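S.K.: This is input-v3.tsv (TSV, C-alpha atoms and all ligand atoms).
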chain	number	residue	atom	x	y	z
A	142	MET	CA	246.56	50.58	34.39
A	143	SER	CA	247.68	54.03	35.45
A	144	ALA	CA	248.99	54.62	38.98
A	145	PRO	CA	246.50	56.07	41.50
A	146	PRO	CA	246.77	59.85	41.92
A	147	PHE	CA	249.05	61.07	44.74
A	148	THR	CA	246.05	62.76	46.39
A	149	PRO	CA	242.33	62.02	45.96
A	150	PRO	CA	240.78	64.35	43.35
A	151	ASP	CA	238.17	65.72	45.80
A	152	ARG	CA	240.73	66.47	48.55
A	153	ALA	CA	240.31	70.06	49.70
A	154	ALA	CA	241.43	72.45	52.44
A	155	VAL	CA	238.59	73.02	54.91
A	156	LEU	CA	238.40	76.00	57.25
A	157	CYS	CA	238.03	74.65	60.80
A	158	GLY	CA	239.30	77.43	63.09
A	159	LEU	CA	239.16	81.24	63.13
A	160	ALA	CA	240.24	84.05	65.43
A	161	GLY	CA	241.34	87.65	65.50
A	162	TRP	CA	243.33	89.73	67.91
A	163	LEU	CA	243.62	93.50	68.24
A	164	PRO	CA	246.11	95.31	70.45
A	165	PRO	CA	244.11	96.96	73.27
A	166	ARG	CA	245.12	100.56	72.49
A	167	VAL	CA	242.31	102.34	70.57
A	168	VAL	CA	243.22	105.49	68.62
A	169	THR	CA	240.12	107.58	67.93
A	170	ASN	CA	239.63	110.17	65.20
A	171	GLU	CA	239.55	112.79	67.94
A	172	GLU	CA	243.00	111.74	69.14
A	173	LEU	CA	244.38	111.98	65.58
A	174	SER	CA	242.71	115.38	65.11
A	175	GLN	CA	244.71	116.74	68.05
A	176	ARG	CA	248.02	116.20	66.26
A	177	LEU	CA	247.02	116.28	62.57
A	178	ASP	CA	245.20	118.82	60.41
A	179	THR	CA	242.10	116.63	60.12
A	180	SER	CA	238.75	116.08	61.81
A	181	ASP	CA	236.47	113.29	62.93
A	182	ALA	CA	233.88	114.45	60.38
A	183	TRP	CA	236.39	114.36	57.46
A	184	ILE	CA	237.66	110.90	58.38
A	185	ARG	CA	234.16	109.43	58.85
A	186	THR	CA	232.82	110.95	55.64
A	187	ARG	CA	235.77	109.95	53.43
A	188	THR	CA	236.57	106.54	54.95
A	189	GLY	CA	233.81	105.45	57.37
A	190	ILE	CA	236.49	104.87	60.01
A	191	SER	CA	235.88	106.01	63.59
A	192	GLY	CA	238.77	104.27	65.36
A	193	ARG	CA	241.66	101.89	64.93
A	194	HIS	CA	243.99	99.90	67.21
A	195	PHE	CA	247.72	100.55	67.54
A	196	ALA	CA	250.37	98.20	68.88
A	197	GLU	CA	252.30	99.45	71.91
A	198	PRO	CA	255.86	100.73	71.41
A	199	GLY	CA	258.11	97.67	71.25
A	200	GLN	CA	255.29	95.38	70.09
A	201	ALA	CA	256.01	93.76	66.71
A	202	THR	CA	253.92	91.91	64.13
A	203	SER	CA	254.88	88.49	65.53
A	204	ASP	CA	253.48	89.49	68.94
A	205	LEU	CA	250.06	90.10	67.38
A	206	ALA	CA	250.35	87.03	65.14
A	207	VAL	CA	251.06	84.73	68.09
A	208	GLU	CA	247.93	85.94	69.91
A	209	ALA	CA	245.70	85.40	66.86
A	210	GLY	CA	247.38	82.08	66.03
A	211	ARG	CA	246.94	80.70	69.55
A	212	ARG	CA	243.25	81.59	69.51
A	213	ALA	CA	242.70	80.11	66.05
A	214	LEU	CA	244.29	76.83	67.15
A	215	ARG	CA	241.98	76.82	70.18
A	216	SER	CA	238.99	77.56	67.92
A	217	ALA	CA	239.94	74.55	65.77
A	218	GLY	CA	240.56	72.35	68.80
A	219	ALA	CA	243.99	71.71	67.28
A	220	GLU	CA	247.22	71.32	69.21
A	221	ASP	CA	249.48	71.08	66.21
A	222	VAL	CA	249.70	71.81	62.49
A	223	ASP	CA	252.16	70.84	59.74
A	224	ALA	CA	252.81	74.38	58.51
A	225	VAL	CA	252.52	78.01	59.60
A	226	VAL	CA	252.05	80.72	56.96
A	227	VAL	CA	252.21	84.41	57.94
A	228	ALA	CA	250.90	86.99	55.48
A	229	THR	CA	252.35	90.41	56.30
A	230	THR	CA	253.76	93.64	54.90
A	231	THR	CA	255.38	94.50	58.21
A	232	PRO	CA	257.56	91.50	59.11
A	233	ASP	CA	259.54	91.75	62.36
A	234	ARG	CA	262.71	91.90	60.25
A	235	SER	CA	263.50	91.97	56.51
A	236	CYS	CA	265.41	88.72	57.18
A	237	PRO	CA	264.46	86.11	58.35
A	238	ALA	CA	260.74	85.56	57.79
A	239	THR	CA	258.37	86.08	60.72
A	240	ALA	CA	256.54	82.73	60.43
A	241	PRO	CA	259.28	80.49	61.94
A	242	LEU	CA	259.44	82.69	65.03
A	243	VAL	CA	255.64	82.67	65.35
A	244	ALA	CA	255.60	78.87	64.95
A	245	SER	CA	258.23	78.42	67.67
A	246	ARG	CA	256.44	80.75	70.05
A	247	LEU	CA	253.27	78.71	69.52
A	248	GLY	CA	255.20	75.54	70.44
A	249	LEU	CA	255.19	74.37	66.82
A	250	THR	CA	258.96	74.02	66.45
A	251	GLY	CA	260.02	71.94	63.47
A	252	VAL	CA	257.02	72.61	61.22
A	253	ALA	CA	257.25	74.30	57.80
A	254	ALA	CA	256.97	78.08	58.20
A	255	PHE	CA	257.15	80.90	55.68
A	256	ASP	CA	255.83	84.40	54.97
A	257	VAL	CA	253.62	85.57	52.11
A	258	SER	CA	254.08	89.14	50.88
A	259	ALA	CA	251.15	90.50	48.86
A	260	VAL	CA	250.36	93.63	50.91
A	261	CYS	CA	246.58	93.92	51.52
A	262	THR	CA	245.91	90.87	49.32
A	263	GLY	CA	248.21	88.85	51.58
A	264	PHE	CA	245.49	86.89	53.34
A	265	VAL	CA	243.87	85.68	50.09
A	266	TYR	CA	247.28	84.78	48.61
A	267	GLY	CA	248.13	83.07	51.91
A	268	LEU	CA	244.85	81.16	51.82
A	269	ALA	CA	245.63	79.89	48.32
A	270	SER	CA	249.17	78.91	49.41
A	271	ALA	CA	248.03	77.19	52.61
A	272	ALA	CA	245.20	75.38	50.80
A	273	SER	CA	247.64	74.25	48.10
A	274	LEU	CA	249.91	72.64	50.72
A	275	ILE	CA	246.91	70.57	51.77
A	276	THR	CA	245.54	69.70	48.33
A	277	ALA	CA	249.06	68.72	47.17
A	278	GLY	CA	249.31	66.29	50.09
A	279	VAL	CA	252.22	68.19	51.68
A	280	ALA	CA	250.29	69.06	54.87
A	281	GLU	CA	247.22	67.80	56.71
A	282	ARG	CA	246.67	70.95	58.76
A	283	VAL	CA	247.94	74.53	58.26
A	284	LEU	CA	247.76	77.66	60.41
A	285	LEU	CA	247.48	80.84	58.31
A	286	ILE	CA	247.88	84.19	60.05
A	287	GLY	CA	247.40	87.64	58.48
A	288	ALA	CA	249.13	90.19	60.70
A	289	ASP	CA	250.27	93.77	60.25
A	290	THR	CA	251.50	96.69	62.34
A	291	TYR	CA	251.06	99.58	59.93
A	292	SER	CA	251.64	102.00	62.79
A	293	THR	CA	255.34	101.08	62.44
A	294	ILE	CA	255.60	102.15	58.76
A	295	VAL	CA	253.06	104.97	58.38
A	296	ASP	CA	254.44	108.47	58.90
A	297	PRO	CA	252.48	109.76	61.92
A	298	HIS	CA	252.47	113.22	60.28
A	299	ASP	CA	251.00	111.95	56.98
A	300	ARG	CA	247.33	112.80	57.44
A	301	ALA	CA	246.16	110.91	54.36
A	302	ASN	CA	247.52	107.55	55.56
A	303	ALA	CA	247.69	107.93	59.34
A	304	ILE	CA	243.89	108.07	59.49
A	305	ILE	CA	243.33	104.89	57.48
A	306	PHE	CA	245.60	102.22	58.87
A	307	GLY	CA	245.46	100.21	62.07
A	308	ASP	CA	247.22	97.20	63.57
A	309	GLY	CA	245.83	93.72	64.09
A	310	ALA	CA	246.04	90.00	63.37
A	311	GLY	CA	243.58	87.37	62.19
A	312	ALA	CA	244.11	83.66	61.71
A	313	VAL	CA	242.47	80.55	60.31
A	314	VAL	CA	243.23	76.85	60.60
A	315	LEU	CA	242.74	74.70	57.51
A	316	ARG	CA	242.52	70.90	57.62
A	317	ALA	CA	242.39	68.26	54.91
A	318	GLY	CA	238.85	67.35	53.91
A	319	ARG	CA	236.57	66.97	50.92
A	320	SER	CA	235.66	69.62	48.36
A	321	ASP	CA	231.91	69.19	49.01
A	322	GLU	CA	232.21	69.92	52.77
A	323	PRO	CA	231.17	73.27	54.23
A	324	GLY	CA	234.37	75.26	54.82
A	325	ALA	CA	236.17	73.89	51.74
A	326	VAL	CA	238.05	76.87	50.26
A	327	GLY	CA	238.10	77.58	46.52
A	328	HIS	CA	237.66	78.51	43.75
A	329	PHE	CA	240.37	81.17	43.71
A	330	ASP	CA	241.17	84.06	41.41
A	331	LEU	CA	244.59	85.68	41.92
A	332	GLY	CA	246.27	88.42	39.88
A	333	SER	CA	248.89	91.15	39.80
A	334	ASP	CA	250.12	94.16	37.82
A	335	GLY	CA	253.65	95.25	38.71
A	336	THR	CA	253.42	98.34	36.53
A	337	GLY	CA	251.53	99.83	39.48
A	338	GLU	CA	254.44	99.23	41.88
A	339	GLU	CA	254.77	102.88	42.82
A	340	LEU	CA	251.13	103.40	43.79
A	341	ILE	CA	251.69	101.72	47.16
A	342	MET	CA	255.21	101.32	48.52
A	343	VAL	CA	257.92	101.74	51.13
A	344	ALA	CA	260.83	103.07	49.05
A	345	ALA	CA	263.70	102.28	51.44
A	346	GLY	CA	264.87	99.09	53.13
A	347	GLY	CA	265.06	96.74	50.16
A	348	SER	CA	267.83	95.87	47.68
A	349	ARG	CA	266.80	98.65	45.26
A	350	GLN	CA	267.59	101.33	47.78
A	351	ARG	CA	270.50	99.48	49.44
A	352	SER	CA	272.26	99.04	46.09
A	353	ALA	CA	271.93	102.75	45.25
A	354	SER	CA	274.87	105.04	45.97
A	355	ASN	CA	272.81	108.07	47.04
A	356	PRO	CA	272.04	108.49	50.75
A	357	ILE	CA	268.64	107.50	52.10
A	358	ASP	CA	266.02	110.19	52.46
A	359	PRO	CA	264.64	109.46	55.97
A	360	GLN	CA	261.14	109.97	54.56
A	361	ASP	CA	261.66	106.94	52.28
A	362	ARG	CA	261.35	104.63	55.29
A	363	TYR	CA	257.66	105.41	55.40
A	364	PHE	CA	254.72	103.86	53.59
A	365	THR	CA	253.36	105.94	50.70
A	366	MET	CA	250.14	105.56	48.75
A	367	ARG	CA	248.63	107.49	45.84
A	368	GLY	CA	245.20	107.41	47.45
A	369	LYS	CA	242.93	108.53	44.61
A	370	GLU	CA	244.41	106.14	42.03
A	371	VAL	CA	244.48	103.29	44.54
A	372	TYR	CA	240.84	103.96	45.34
A	373	ARG	CA	239.83	103.49	41.70
A	374	HIS	CA	241.95	100.35	41.28
A	375	ALA	CA	240.59	98.88	44.51
A	376	VAL	CA	236.99	99.15	43.32
A	377	THR	CA	237.55	97.87	39.78
A	378	ARG	CA	240.02	95.10	40.67
A	379	MET	CA	237.98	93.65	43.57
A	380	THR	CA	234.80	93.76	41.48
A	381	ALA	CA	236.48	92.08	38.48
A	382	SER	CA	238.17	89.46	40.66
A	383	ALA	CA	234.87	88.64	42.38
A	384	HIS	CA	233.24	88.14	38.96
A	385	ALA	CA	236.16	85.97	37.79
A	386	THR	CA	235.83	83.72	40.85
A	387	LEU	CA	232.09	83.34	40.39
A	388	THR	CA	232.67	82.39	36.74
A	389	LEU	CA	235.26	79.76	37.74
A	390	ALA	CA	232.82	78.33	40.27
A	391	ASP	CA	229.90	78.51	37.81
A	392	ARG	CA	228.00	80.71	40.27
A	393	LYS	CA	226.02	83.94	39.94
A	394	VAL	CA	226.13	87.07	42.07
A	395	ASP	CA	222.73	86.09	43.49
A	396	ASP	CA	224.31	82.92	44.93
A	397	ILE	CA	226.44	85.04	47.31
A	398	ASP	CA	225.05	85.44	50.84
A	399	ARG	CA	227.98	87.48	52.22
A	400	ILE	CA	230.82	89.37	50.62
A	401	VAL	CA	233.83	90.05	52.84
A	402	PRO	CA	236.15	92.45	51.05
A	403	HIS	CA	239.52	93.68	52.26
A	404	GLN	CA	238.50	96.45	54.68
A	405	ALA	CA	240.13	99.38	52.84
A	406	ASN	CA	237.63	102.20	53.16
A	407	LEU	CA	233.86	101.98	53.66
A	408	ARG	CA	233.17	103.89	50.44
A	409	ILE	CA	235.30	101.42	48.46
A	410	LEU	CA	233.48	98.46	50.02
A	411	ARG	CA	230.05	99.91	49.28
A	412	SER	CA	231.07	100.63	45.67
A	413	VAL	CA	232.25	97.04	45.18
A	414	ALA	CA	228.96	95.65	46.54
A	415	GLU	CA	226.97	98.11	44.42
A	416	ASP	CA	228.95	97.39	41.24
A	417	LEU	CA	228.41	93.67	41.79
A	418	GLY	CA	224.69	94.28	42.31
A	419	LEU	CA	224.74	92.92	45.89
A	420	PRO	CA	222.32	94.44	48.41
A	421	PRO	CA	224.13	96.37	51.19
A	422	GLU	CA	223.01	93.92	53.90
A	423	ARG	CA	225.17	91.20	52.31
A	424	LEU	CA	228.30	93.32	52.73
A	425	VAL	CA	230.37	92.48	55.84
A	426	THR	CA	232.39	95.37	57.27
A	427	ASN	CA	234.29	96.19	60.44
A	428	VAL	CA	236.54	98.90	58.95
A	429	GLU	CA	234.55	101.39	61.07
A	430	SER	CA	236.24	100.23	64.28
A	431	VAL	CA	239.57	98.79	63.09
A	432	GLY	CA	240.56	100.79	59.99
A	433	ASN	CA	242.61	99.14	57.26
A	434	THR	CA	244.65	96.37	58.92
A	435	GLY	CA	246.33	95.08	55.75
A	436	ALA	CA	246.74	91.30	55.62
A	437	ALA	CA	244.76	90.99	58.88
A	438	SER	CA	241.66	92.69	57.57
A	439	ILE	CA	239.70	89.79	56.04
A	440	PRO	CA	240.21	87.31	58.91
A	441	LEU	CA	239.47	90.08	61.42
A	442	ALA	CA	236.23	90.92	59.59
A	443	LEU	CA	235.35	87.21	59.42
A	444	ALA	CA	236.04	86.70	63.13
A	445	ASP	CA	234.00	89.77	64.05
A	446	ALA	CA	231.09	88.68	61.84
A	447	ALA	CA	231.17	85.04	62.96
A	448	ALA	CA	231.35	85.99	66.65
A	449	GLN	CA	228.34	88.26	66.20
A	450	HIS	CA	226.51	85.63	64.08
A	451	THR	CA	226.40	87.97	61.06
A	452	ILE	CA	227.83	85.09	59.06
A	453	GLN	CA	225.97	81.82	59.62
A	454	ALA	CA	226.90	78.22	58.83
A	455	GLY	CA	225.76	77.24	55.34
A	456	GLU	CA	226.03	80.73	53.84
A	457	ARG	CA	228.05	81.17	50.67
A	458	VAL	CA	230.83	83.67	51.36
A	459	LEU	CA	232.97	85.53	48.83
A	460	LEU	CA	236.30	86.99	49.98
A	461	THR	CA	237.92	89.62	47.77
A	462	ALA	CA	241.03	91.75	48.26
A	463	PHE	CA	243.20	94.33	46.58
A	464	GLY	CA	246.59	95.66	47.61
A	465	GLY	CA	250.02	96.95	46.73
A	466	GLY	CA	251.94	95.25	43.97
A	467	LEU	CA	249.43	95.75	42.54
A	468	THR	CA	247.81	92.50	43.62
A	469	TRP	CA	244.26	91.22	43.88
A	470	GLY	CA	242.49	87.98	44.67
A	471	SER	CA	239.19	86.36	45.61
A	472	CYS	CA	238.00	83.09	47.07
A	473	LEU	CA	234.65	81.41	47.51
A	474	LEU	CA	233.58	79.12	50.37
A	475	THR	CA	230.51	77.85	52.14
A	476	TRP	CA	230.68	78.90	55.77
A	477	PRO	CA	231.28	75.96	58.14
A	478	ALA	CA	229.84	75.41	61.63
A	479	LEU	CA	232.66	76.58	63.90
A	480	SER	CA	232.38	75.70	67.57
A	481	ARG	CA	234.40	78.49	69.16
A	482	ILE	CA	235.10	82.00	67.91
A	483	ASP	CA	237.26	84.54	69.69
A	484	ARG	CA	236.08	88.11	69.31
A	485	PRO	CA	238.96	90.27	68.01
A	486	HIS	CA	238.10	93.18	70.31
A	487	ASP	CA	238.00	90.91	73.34
A	488	THR	CA	241.60	90.46	74.43
A	489	GLY	CA	240.46	88.20	77.26
A	490	GLY	CA	238.23	85.11	77.08
A	491	THR	CA	236.47	83.26	74.29
A	492	GLN	CA	232.86	83.09	73.19
A	493	GLU	CA	230.83	80.09	72.07
A	494	SER	CA	229.43	80.44	68.54
B	501	LIG	O1	244.77	98.77	51.35
B	501	LIG	C1	245.01	99.38	50.11
B	501	LIG	C2	243.81	100.15	49.74
B	501	LIG	N1	243.98	101.56	49.98
B	501	LIG	C3	242.95	102.34	50.23
B	501	LIG	O2	241.88	101.86	50.44
B	501	LIG	C4	243.07	103.82	50.16
B	501	LIG	C5	242.27	104.32	49.02
B	501	LIG	N2	242.14	105.76	49.02
B	501	LIG	C6	241.36	106.40	49.90
B	501	LIG	O3	240.74	105.81	50.77
B	501	LIG	C7	241.21	107.88	49.74
B	501	LIG	O4	241.85	108.28	48.55
B	501	LIG	C8	241.78	108.70	50.93
B	501	LIG	C9	240.93	108.47	52.16
B	501	LIG	C10	243.24	108.32	51.18
B	501	LIG	C11	241.69	110.17	50.59
B	501	LIG	O5	240.36	110.53	50.29
B	501	LIG	P1	240.04	111.34	48.96
B	501	LIG	O6	238.59	111.58	48.97
B	501	LIG	O7	240.62	110.58	47.80
B	501	LIG	O8	240.80	112.69	49.21
B	501	LIG	P2	241.95	113.36	48.33
B	501	LIG	O9	243.22	112.59	48.46
B	501	LIG	O10	241.43	113.65	46.98
B	501	LIG	O11	242.09	114.73	49.08
B	501	LIG	C12	241.03	115.69	49.09
B	501	LIG	C13	241.46	116.81	49.99
B	501	LIG	C14	242.87	117.30	49.71
B	501	LIG	O12	242.91	118.68	49.92
B	501	LIG	P3	242.83	119.69	48.65
B	501	LIG	O13	243.99	119.33	47.78
B	501	LIG	O14	241.50	119.43	48.01
B	501	LIG	O15	242.95	121.03	49.30
B	501	LIG	C15	243.69	116.62	50.77
B	501	LIG	O16	244.85	117.34	51.11
B	501	LIG	O17	241.46	116.34	51.34
B	501	LIG	C16	242.73	116.61	51.92
B	501	LIG	N3	243.00	115.57	52.91
B	501	LIG	C17	242.58	115.64	54.15
B	501	LIG	N4	241.86	116.59	54.80
B	501	LIG	C18	241.56	116.36	56.10
B	501	LIG	C19	243.69	114.41	52.73
B	501	LIG	N5	243.71	113.73	53.89
B	501	LIG	C20	243.03	114.47	54.79
B	501	LIG	C21	242.71	114.31	56.15
B	501	LIG	N6	241.97	115.27	56.76
B	501	LIG	N7	243.07	113.22	56.85
Written as structure tokens, that's how I'd like the structure from this file.
M.R.:
Amino acid sequence: MSAPPFTPPDRAAVLCGLAGWLPPRVVTNEELSQRLDTSDAWIRTRTGISGRHFAEPGQATSDLAVEAGRRALRSAGAEDVDAVVVATTTPDRSCPATAPLVASRLGLTGVAAFDVSAVCTGFVYGLASAASLITAGVAERVLLIGADTYSTIVDPHDRANAIIFGDGAGAVVLRAGRSDEPGAVGHFDLGSDGTGEELIMVAAGGSRQRSASNPIDPQDRYFTMRGKEVYRHAVTRMTASAHATLTLADRKVDDIDRIVPHQANLRILRSVAEDLGLPPERLVTNVESVGNTGAASIPLALADAAAQHTIQAGERVLLTAFGGGLTWGSCLLTWPALSRIDRPHDTGGTQES
């Protein structure tokens, strides 16, 4: 007789808590137009964005992550977890990771804590990592936070990027459960193509630049993106990844009630929904008021939609993301009944869902 499996075959990671947090400072298109050669009309037409939030000077990614993490734990009714995963492109420092600091500040000293770096796909990669800790039997409960402060790496004089990105954090709590429960995450599709490394990058700060003998160009400290090419990749990769996930799950596009893509640019999101053949009302967006918040964008969009009852318990939800690397990924889940959702824009109290 063979030994029983280490974990039951239907063990799954189940989403049981969700929250988002945005720094209070709102930067409107009008404010950007005063210091950049741009206009509210150009930004709205090309991106759909009307405002974004910026962290205050001195505020780092962990500060935002702690706020979102605390609220997600409250939403889950959880006081502790076995692991904290932080997905970010803007860690507090290049060494050490941000997650251990976030865990300690949440009173979770001693738990496993690590960062995931997959740029704007970070949340989906983090979700797969956090869920794997649970399905492997390593953890019973995991806090996953997507947090970014792009305002710290975008050149404020770069009009193409300064208009797109914003700061924020979103978090989920996963617990061990069964694969047939609402909230069970998976199937997943994850992918990458490193030949596109230079399409989205920060040239300086890593070992490539530090090992070079030539002096640093101060401009290399900033985030750069080849917008037009990235735009095309974002549409095709998110669409293909969504299809791949549906195939893995033996589902059809018609089975999807809500699609929550990485909030890159409203035109990109509409193209993905259109290419998939999904009616526009099934597309969940909040890029209009928060911009592109990197690894925070999917949990922020989820928290916004859940707090406003745009996503309802029992609906089948498809998450899909694309980012630097290049990286992409998607995940399917049935939305669970969550008891408390914090609204990302509300930096004060909580709201019953
Ligand atoms: O999270 C990763 C995913 N990344 C993204 O989602 C970004 C994807 N890319 C985009 O969203 C778009 O490419 C941008 C919004 C960045 C740019 O829009 P676009 O329609 O691709 O514009 P473009 O780069 O082709 O530029 C068109 C024109 C250029 O002027 P010329 O060369 O035609 O004279 C730009 O210099 O628009 C100009 N331009 C601007 N004008 C006013 C670029 N940025 C601005 C601006 N305001 N902010």
S.K.: To one decimal in Å, tell me the separation between CA of Pro323 in chain A and CA of Ala160 in chain A.
M.R.: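 These atoms are spaced 18.0 Å apart.
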S.K.: Considering all atoms listed in the file, return as number ranges by chain whatever protein or nucleic-acid residues lie within 8 Å of Val227 in chain A, sequence-local ones (same chain, fewer than 5 positions apart) excluded.
M.R.: A: 206, 239-240, 254-257, 267, 285-288
S.K.: Please identify all polymer residues within 12 Å of range 169-174 of chain A, counting all atoms listed in the file, omitting same-chain residues fewer than 5 positions from it, and present them as a PyMOL selection string.
M.R.: chain A and resi 179-186+188-195+297-307+429-432
S.K.: Which one is closest to ligand LIG 501 (chain B): A:Glu281, A:Asp321, A:Asp151, A:Asp178? Count only C-alpha atoms and all ligand atoms.
M.R.: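 Of A:Glu281, A:Asp321, A:Asp151, A:Asp178, the one nearest ligand LIG 501 (chain B), counting only C-alpha atoms and all ligand atoms, is A:Asp178.
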S.K.: Please provide the set of residues having any atom within 9 Å of range 471-480 of chain A, restricted to only C-alpha atoms, with same-chain residues fewer than 2 positions apart removed, written as a VMD selection string.
M.R.: chain A and resid 155 to 159 216 to 218 262 265 to 266 268 to 269 322 to 331 379 382 to 383 385 to 387 390 397 402 447 452 to 463 469 482 493 to 494
S.K.: In Å, rounded to a single decimal, give me how far CA of Val295 in chain A is from CA of Val225 in chain A.
M.R.: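 Going from CA of Val225 in chain A over to CA of Val295 in chain A, I get 27.0 Å.
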S.K.: For ligand LIG 501 (chain B), which residue among A:Ala312, A:Leu163, A:Leu284, A:Val428 is the nearest when counting only C-alpha atoms and all ligand atoms?
M.R.: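 Checking each of A:Ala312, A:Leu163, A:Leu284, A:Val428 against ligand LIG 501 (chain B), counting only C-alpha atoms and all ligand atoms, the winner is A:Val428.
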S.K.: Calculated over only C-alpha atoms, which of the candidates A:Ser438, A:Asn433, A:Thr380, A:Gln449 has the smallest distance to Gly470 in chain A?
M.R.: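 The answer is A:Thr380, which sits nearest to Gly470 in chain A.
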S.K.: Residues around (241.5, 86.1, 66.9), cut-off 12 Å, counting all atoms listed in the file - what are they as a ChimeraX atom specification?
M.R.: /A:158-164,205-217,285-288,309-314,437-448,481-492
S.K.: For ligand LIG 501 (chain B), which residue out of A:Ser235, A:Gln175, A:Arg392, A:Val222 is the nearest one, using only C-alpha atoms and all ligand atoms?
M.R.: A:Gln175
S.K.: Scan for residues within 10 Å of the point (267.5, 93.5, 55.4) in the coordinates of the file, using only C-alpha atoms, and reply as a PDB file with C-alpha atoms, in the coordinates of the input.
M.R.:
ATOM      1  CA  ARG A 234     262.710  91.900  60.250  1.00  0.00           C
ATOM      2  CA  SER A 235     263.500  91.970  56.510  1.00  0.00           C
ATOM      3  CA  CYS A 236     265.410  88.720  57.180  1.00  0.00           C
ATOM      4  CA  PRO A 237     264.460  86.110  58.350  1.00  0.00           C
ATOM      5  CA  GLY A 346     264.870  99.090  53.130  1.00  0.00           C
ATOM      6  CA  GLY A 347     265.060  96.740  50.160  1.00  0.00           C
ATOM      7  CA  SER A 348     267.830  95.870  47.680  1.00  0.00           C
ATOM      8  CA  ARG A 351     270.500  99.480  49.440  1.00  0.00           C
TER       9      ARG A 351
END
S.K.: For Leu247 in chain A, which residue out of A:Ser203, A:Thr276, A:Thr231, A:Ser352 is the nearest one, using all atoms listed in the file?
M.R.: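 Between A:Ser203, A:Thr276, A:Thr231, A:Ser352, the residue approaching Leu247 in chain A most closely is A:Ser203.
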S.K.: Expressed in Å to a single decimal, how great is the separation between CA of Arg367 in chain A and CA of Thr468 in chain A?
M.R.: 15.2 Å
S.K.: Determine the nearest neighbour of ligand LIG 501 (chain B) from the options A:Asp396, A:Glu197, A:Glu370, A:Asp391, counting all atoms listed in the file.
M.R.: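 Closest to ligand LIG 501 (chain B) of all the choices is A:Glu370.
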S.K.: Step by step, gather every atom of ligand LIG 501 (chain B) that the file lists, find the box along x, y and z that holds them, add 4 Å on each side, and finally give centre and edge lengths in Å to one decimal, as lines of an AutoDock Vina configuration file.
M.R.:
center_x = 241.8
center_y = 109.9
center_z = 51.9
size_x = 14.4
size_y = 30.3
size_z = 17.9
